[in-house]
Amino acid sequence: MEIAHRKLVNERRRGSVGMGFFVAGIALVVLGNLRSGGHGRGQGSDKDVVMPEAFFGLRRMQAAQTADEAFGGAMSGDAVMSKALWPLWWKYGMGRKNTIYAQSLCADEINSDNGHLGRLLTEYYYGRVFPLGGIGGAPYGGKTGFGAFSHHVPDGGNVFVLFGPHIGFSPKGEPGKFLRSGQKKLSTSCGALCAAYKQCTSGSMPADPKDMEQTWLREKLGPKCEEIRKSSNAMVELALQAYKVIEEEILSIVNTGFGTGNLVLLGGIQINMPYGMPG
């Protein structure tokens, strides 16, 4: 994944992050007061799931090939963490003691599997996290949430935000599907994004104050559903379009009013590979 040093811009770039994939839109952005600048998939434990032997042959190859065709150039979560955090330390002096961490990722529990970037950053580096997101990965915490979080920064310290949607792959390589631990049938991943797409293409649905996060997803993805439908791979395109609206929302709520330190944004698409695969 390339490291980009620039002022806050809405440039689209494809890189990778996560144990599986984390296809980056903003690869890495370091912001210093808006004046200087630059702007895993993981696997479950062996005790959680035992895959059939056939999986480690043809099915494994199918899943890996399909994921690579859709999101090429991926790196593991630990590789991305090292590639991102090392230059932040030696060039900007950003470490765990002077930086606070937030993430806007989908609430789906598979995004906290071993090896996923969000879990690695929380459990093995920063030690704690401020959750900005909800279903689908959008930053529902909004300006108030970011403002509250960013003002928890150590004096003269920095802010790091990881964000983006996710997409699962089945053992046979079907995008938008995931075989969860303890289940025999596939389920959707991301379920909220798939539901929003289905709702938008099957007719209009009124806003529901009892379902605010899903309502937000429908409103933002609705204008893009026709483009998604016409694409060669609707589930992959759905994830890409979801990233765009989430990135736009992130950029609209962040600021550097918290102090003299840097704001770091790391965004992309977390891809959940089948259990039993290293990534």
# chains A, B, ... in the order shown; residues from 1 in each chain; ligands from 1
call {"tool": "select_by_dssp", "arguments": {"residues": "range 56-196 of chain A", "states": "strand (DSSP E or B)", "output": "PyMOL selection string"}}
result
chain A and resi 99-105+114+130-131+158-164+166-169+175+177-178+187-188
call {"tool": "residues_around", "arguments": {"residues": "Ala192 in chain A", "least_positions_apart": "4", "cutoff": "9 Å", "atoms": "only C-alpha atoms", "output": "list in words"}}
result
Cys106, Ile135, Gly136, Thr188, Ala196, Tyr197, Gln214 and Leu217 of chain A
call {"tool": "closest_residue", "arguments": {"among": "A:Val159, A:Ile253, A:Leu265, A:Leu132", "to": "Met94 in chain A", "atoms": "only C-alpha atoms"}}
result
A:Val159
call {"tool": "closest_residue", "arguments": {"among": "A:Thr201, A:Asn114, A:Asn272, A:Asn158", "to": "Lys224 in chain A", "atoms": "only C-alpha atoms"}}
result
A:Thr201
call {"tool": "atom_distance", "arguments": {"atom1": "CA of Trp90 in chain A", "atom2": "CA of Pro154 in chain A"}}
result
18.9 Å
call {"tool": "atom_distance", "arguments": {"atom1": "CA of Thr215 in chain A", "atom2": "CA of Gln199 in chain A"}}
result
10.1 Å
call {"tool": "residues_around", "arguments": {"residues": "Gly222 in chain A", "least_positions_apart": "4", "cutoff": "12 Å", "atoms": "only C-alpha atoms", "output": "PyMOL selection string"}}
result
chain A and resi 193+195-205+214-218+226-229+238+241-242+245
call {"tool": "write_last_selection", "arguments": {"atoms": "N, CA, C and O atoms", "output": "mmCIF file, in the first residue's frame"}}
result
data_model
loop_
_atom_site.group_PDB
_atom_site.id
_atom_site.type_symbol
_atom_site.label_atom_id
_atom_site.label_comp_id
_atom_site.auth_asym_id
_atom_site.auth_seq_id
_atom_site.Cartn_x
_atom_site.Cartn_y
_atom_site.Cartn_z
ATOM 1 N N LEU A 193 -25.297 -3.794 3.758
ATOM 2 C CA LEU A 193 -25.152 -3.257 2.401
ATOM 3 C C LEU A 193 -25.988 -4.059 1.414
ATOM 4 O O LEU A 193 -26.641 -3.487 0.532
ATOM 5 N N ALA A 195 -28.660 -5.741 2.066
ATOM 6 C CA ALA A 195 -30.068 -5.435 2.324
ATOM 7 C C ALA A 195 -30.449 -4.080 1.735
ATOM 8 O O ALA A 195 -31.526 -3.924 1.145
ATOM 9 N N ALA A 196 -29.561 -3.092 1.876
ATOM 10 C CA ALA A 196 -29.846 -1.763 1.330
ATOM 11 C C ALA A 196 -29.972 -1.813 -0.188
ATOM 12 O O ALA A 196 -30.863 -1.182 -0.772
ATOM 13 N N TYR A 197 -29.093 -2.569 -0.822
ATOM 14 C CA TYR A 197 -29.141 -2.709 -2.285
ATOM 15 C C TYR A 197 -30.444 -3.375 -2.711
ATOM 16 O O TYR A 197 -31.113 -2.920 -3.649
ATOM 17 N N LYS A 198 -30.838 -4.434 -2.010
ATOM 18 C CA LYS A 198 -32.076 -5.135 -2.336
ATOM 19 C C LYS A 198 -33.278 -4.229 -2.117
ATOM 20 O O LYS A 198 -34.214 -4.205 -2.921
ATOM 21 N N GLN A 199 -33.262 -3.467 -1.040
ATOM 22 C CA GLN A 199 -34.364 -2.562 -0.741
ATOM 23 C C GLN A 199 -34.480 -1.464 -1.796
ATOM 24 O O GLN A 199 -35.589 -1.098 -2.201
ATOM 25 N N CYS A 200 -33.358 -0.947 -2.243
ATOM 26 C CA CYS A 200 -33.367 0.141 -3.230
ATOM 27 C C CYS A 200 -33.821 -0.336 -4.603
ATOM 28 O O CYS A 200 -34.456 0.414 -5.348
ATOM 29 N N THR A 201 -33.483 -1.568 -4.952
ATOM 30 C CA THR A 201 -33.837 -2.082 -6.279
ATOM 31 C C THR A 201 -35.232 -2.689 -6.329
ATOM 32 O O THR A 201 -35.758 -2.942 -7.413
ATOM 33 N N SER A 202 -35.832 -2.915 -5.186
ATOM 34 C CA SER A 202 -37.172 -3.509 -5.164
ATOM 35 C C SER A 202 -38.269 -2.478 -4.960
ATOM 36 O O SER A 202 -39.446 -2.821 -4.876
ATOM 37 N N GLY A 203 -37.894 -1.215 -4.881
ATOM 38 C CA GLY A 203 -38.882 -0.157 -4.699
ATOM 39 C C GLY A 203 -38.498 0.735 -3.541
ATOM 40 O O GLY A 203 -37.646 0.397 -2.734
ATOM 41 N N SER A 204 -39.122 1.890 -3.463
ATOM 42 C CA SER A 204 -38.770 2.858 -2.433
ATOM 43 C C SER A 204 -39.263 2.402 -1.067
ATOM 44 O O SER A 204 -40.292 1.748 -0.940
ATOM 45 N N MET A 205 -38.482 2.741 -0.056
ATOM 46 C CA MET A 205 -38.870 2.471 1.324
ATOM 47 C C MET A 205 -38.787 3.776 2.098
ATOM 48 O O MET A 205 -37.835 4.533 1.938
ATOM 49 N N GLN A 214 -29.806 1.854 8.773
ATOM 50 C CA GLN A 214 -30.175 1.257 7.494
ATOM 51 C C GLN A 214 -30.829 2.288 6.589
ATOM 52 O O GLN A 214 -30.630 2.268 5.363
ATOM 53 N N THR A 215 -31.586 3.202 7.164
ATOM 54 C CA THR A 215 -32.179 4.286 6.378
ATOM 55 C C THR A 215 -31.094 5.126 5.729
ATOM 56 O O THR A 215 -31.194 5.502 4.554
ATOM 57 N N TRP A 216 -30.026 5.423 6.470
ATOM 58 C CA TRP A 216 -28.902 6.200 5.926
ATOM 59 C C TRP A 216 -28.265 5.477 4.752
ATOM 60 O O TRP A 216 -27.981 6.087 3.717
ATOM 61 N N LEU A 217 -28.059 4.177 4.897
ATOM 62 C CA LEU A 217 -27.447 3.403 3.817
ATOM 63 C C LEU A 217 -28.321 3.427 2.568
ATOM 64 O O LEU A 217 -27.813 3.582 1.448
ATOM 65 N N ARG A 218 -29.621 3.268 2.741
ATOM 66 C CA ARG A 218 -30.527 3.306 1.582
ATOM 67 C C ARG A 218 -30.475 4.658 0.886
ATOM 68 O O ARG A 218 -30.434 4.745 -0.348
ATOM 69 N N GLU A 226 -28.452 1.723 -9.686
ATOM 70 C CA GLU A 226 -28.531 1.387 -11.109
ATOM 71 C C GLU A 226 -27.144 1.097 -11.668
ATOM 72 O O GLU A 226 -26.959 0.147 -12.444
ATOM 73 N N GLU A 227 -26.168 1.887 -11.282
ATOM 74 C CA GLU A 227 -24.788 1.645 -11.695
ATOM 75 C C GLU A 227 -24.278 0.311 -11.155
ATOM 76 O O GLU A 227 -23.583 -0.434 -11.846
ATOM 77 N N ILE A 228 -24.646 0.010 -9.922
ATOM 78 C CA ILE A 228 -24.251 -1.264 -9.325
ATOM 79 C C ILE A 228 -24.890 -2.422 -10.085
ATOM 80 O O ILE A 228 -24.232 -3.430 -10.392
ATOM 81 N N ARG A 229 -26.167 -2.285 -10.407
ATOM 82 C CA ARG A 229 -26.897 -3.344 -11.101
ATOM 83 C C ARG A 229 -26.288 -3.644 -12.459
ATOM 84 O O ARG A 229 -26.240 -4.801 -12.902
ATOM 85 N N LEU A 238 -20.919 -2.929 -5.235
ATOM 86 C CA LEU A 238 -21.619 -2.426 -4.061
ATOM 87 C C LEU A 238 -20.624 -2.013 -2.980
ATOM 88 O O LEU A 238 -20.767 -0.948 -2.364
ATOM 89 N N GLN A 241 -18.828 1.226 -4.125
ATOM 90 C CA GLN A 241 -19.693 2.401 -4.015
ATOM 91 C C GLN A 241 -19.929 2.760 -2.548
ATOM 92 O O GLN A 241 -20.002 3.935 -2.186
ATOM 93 N N ALA A 242 -20.043 1.738 -1.708
ATOM 94 C CA ALA A 242 -20.214 1.997 -0.274
ATOM 95 C C ALA A 242 -18.985 2.701 0.280
ATOM 96 O O ALA A 242 -19.101 3.617 1.105
ATOM 97 N N VAL A 245 -19.207 6.508 -0.478
ATOM 98 C CA VAL A 245 -20.118 7.323 0.337
ATOM 99 C C VAL A 245 -19.613 7.410 1.781
ATOM 100 O O VAL A 245 -19.797 8.436 2.446
#
call {"tool": "atom_distance", "arguments": {"atom1": "CA of Ser252 in chain A", "atom2": "CA of Lys143 in chain A"}}
result
8.1 Å
call {"tool": "residues_around", "arguments": {"residues": "Gln65 in chain A", "least_positions_apart": "5", "cutoff": "12 Å", "atoms": "only C-alpha atoms", "output": "CSV table (one decimal) with all heavy atoms, in the first residue's frame"}}
result
chain,number,residue,atom,x,y,z
A,58,LEU,N,-9.3,-27.3,-4.2
A,58,LEU,CA,-9.9,-26.4,-5.3
A,58,LEU,C,-10.6,-25.3,-4.7
A,58,LEU,O,-10.5,-24.2,-5.3
A,58,LEU,CB,-10.8,-27.3,-6.1
A,58,LEU,CG,-11.5,-26.6,-7.3
A,58,LEU,CD1,-10.5,-26.0,-8.3
A,58,LEU,CD2,-12.4,-27.6,-8.0
A,59,ARG,N,-11.4,-25.5,-3.7
A,59,ARG,CA,-12.2,-24.4,-3.1
A,59,ARG,C,-11.3,-23.2,-2.7
A,59,ARG,O,-11.7,-22.1,-2.8
A,59,ARG,CB,-13.1,-24.9,-2.0
A,59,ARG,CG,-14.2,-25.8,-2.5
A,59,ARG,CD,-15.1,-26.2,-1.3
A,59,ARG,NE,-16.2,-27.0,-1.8
A,59,ARG,CZ,-17.2,-27.4,-1.0
A,59,ARG,NH1,-17.2,-27.1,0.3
A,59,ARG,NH2,-18.2,-28.2,-1.4
A,60,ARG,N,-10.3,-23.5,-2.0
A,60,ARG,CA,-9.4,-22.5,-1.5
A,60,ARG,C,-8.8,-21.7,-2.7
A,60,ARG,O,-8.7,-20.5,-2.6
A,60,ARG,CB,-8.2,-23.1,-0.7
A,60,ARG,CG,-7.2,-22.2,-0.1
A,60,ARG,CD,-6.3,-22.9,0.8
A,60,ARG,NE,-5.4,-21.9,1.4
A,60,ARG,CZ,-4.6,-22.2,2.4
A,60,ARG,NH1,-4.7,-23.4,3.0
A,60,ARG,NH2,-3.8,-21.4,3.0
A,70,ALA,N,-11.0,-9.4,-8.0
A,70,ALA,CA,-11.8,-8.3,-7.6
A,70,ALA,C,-11.0,-7.2,-7.0
A,70,ALA,O,-11.3,-6.0,-7.2
A,70,ALA,CB,-13.0,-8.8,-6.7
A,71,PHE,N,-10.1,-7.6,-6.1
A,71,PHE,CA,-9.3,-6.6,-5.3
A,71,PHE,C,-7.9,-7.1,-5.3
A,71,PHE,O,-7.4,-7.7,-4.3
A,71,PHE,CB,-9.9,-6.5,-3.9
A,71,PHE,CG,-11.3,-6.2,-3.8
A,71,PHE,CD1,-12.3,-7.2,-3.6
A,71,PHE,CD2,-11.8,-4.9,-3.9
A,71,PHE,CE1,-13.6,-7.0,-3.5
A,71,PHE,CE2,-13.1,-4.6,-3.8
A,71,PHE,CZ,-14.1,-5.6,-3.6
A,72,GLY,N,-7.2,-6.8,-6.4
A,72,GLY,CA,-5.8,-7.3,-6.4
A,72,GLY,C,-4.8,-6.5,-5.6
A,72,GLY,O,-5.1,-5.3,-5.2
A,73,GLY,N,-3.7,-7.1,-5.2
A,73,GLY,CA,-2.7,-6.4,-4.5
A,73,GLY,C,-2.9,-6.3,-3.0
A,73,GLY,O,-2.3,-5.4,-2.4
A,169,PHE,N,-16.2,-13.4,1.3
A,169,PHE,CA,-16.1,-14.3,0.2
A,169,PHE,C,-16.4,-15.7,0.7
A,169,PHE,O,-15.9,-16.1,1.8
A,169,PHE,CB,-14.8,-14.3,-0.4
A,169,PHE,CG,-14.6,-13.2,-1.4
A,169,PHE,CD1,-14.3,-11.9,-1.0
A,169,PHE,CD2,-14.7,-13.5,-2.8
A,169,PHE,CE1,-14.1,-10.9,-2.0
A,169,PHE,CE2,-14.6,-12.5,-3.7
A,169,PHE,CZ,-14.3,-11.2,-3.3
A,170,SER,N,-17.2,-16.5,0.0
A,170,SER,CA,-17.6,-17.9,0.4
A,170,SER,C,-16.4,-18.8,0.1
A,170,SER,O,-15.4,-18.4,-0.6
A,170,SER,CB,-18.8,-18.3,-0.4
A,170,SER,OG,-18.4,-18.6,-1.7
A,171,PRO,N,-16.4,-20.0,0.6
A,171,PRO,CA,-15.3,-20.9,0.3
A,171,PRO,C,-15.1,-21.2,-1.2
A,171,PRO,O,-14.0,-21.5,-1.7
A,171,PRO,CB,-15.7,-22.2,1.0
A,171,PRO,CG,-16.5,-21.7,2.2
A,171,PRO,CD,-17.2,-20.5,1.7
A,172,LYS,N,-16.2,-21.0,-2.0
A,172,LYS,CA,-16.1,-21.2,-3.4
A,172,LYS,C,-15.8,-19.9,-4.1
A,172,LYS,O,-15.7,-19.9,-5.4
A,172,LYS,CB,-17.4,-21.8,-3.9
A,172,LYS,CG,-17.7,-23.2,-3.5
A,172,LYS,CD,-18.9,-23.7,-4.2
A,172,LYS,CE,-19.2,-25.2,-3.8
A,172,LYS,NZ,-20.4,-25.7,-4.5
A,173,GLY,N,-15.6,-18.8,-3.4
A,173,GLY,CA,-15.2,-17.6,-4.0
A,173,GLY,C,-16.4,-16.7,-4.4
A,173,GLY,O,-16.2,-15.7,-5.1
A,174,GLU,N,-17.6,-16.9,-3.8
A,174,GLU,CA,-18.7,-16.0,-4.2
A,174,GLU,C,-18.6,-14.8,-3.3
A,174,GLU,O,-18.7,-14.8,-2.1
A,174,GLU,CB,-20.0,-16.8,-3.9
A,174,GLU,CG,-21.2,-16.0,-4.3
A,174,GLU,CD,-22.5,-16.8,-4.0
A,174,GLU,OE1,-22.4,-17.9,-3.4
A,174,GLU,OE2,-23.6,-16.2,-4.3
A,175,PRO,N,-18.5,-13.6,-4.0
A,175,PRO,CA,-18.5,-12.3,-3.2
A,175,PRO,C,-19.8,-12.0,-2.6
A,175,PRO,O,-20.9,-12.3,-3.2
A,175,PRO,CB,-18.1,-11.3,-4.3
A,175,PRO,CG,-18.6,-11.9,-5.6
A,175,PRO,CD,-18.5,-13.4,-5.5
A,273,MET,N,-12.0,-13.2,4.1
A,273,MET,CA,-11.8,-14.4,3.4
A,273,MET,C,-12.3,-15.6,4.3
A,273,MET,O,-12.5,-15.5,5.5
A,273,MET,CB,-10.3,-14.6,3.1
A,273,MET,CG,-9.8,-13.5,2.1
A,273,MET,SD,-10.6,-13.6,0.5
A,273,MET,CE,-9.9,-15.1,-0.1
call {"tool": "closest_residue", "arguments": {"among": "A:Ser187, A:Thr66, A:Ser181, A:Thr122", "to": "Arg96 in chain A", "atoms": "only C-alpha atoms"}}
result
A:Thr122
call {"tool": "closest_residue", "arguments": {"among": "A:Leu120, A:Ile246, A:Val129, A:Met235", "to": "Gly176 in chain A", "atoms": "only C-alpha atoms"}}
result
A:Met235
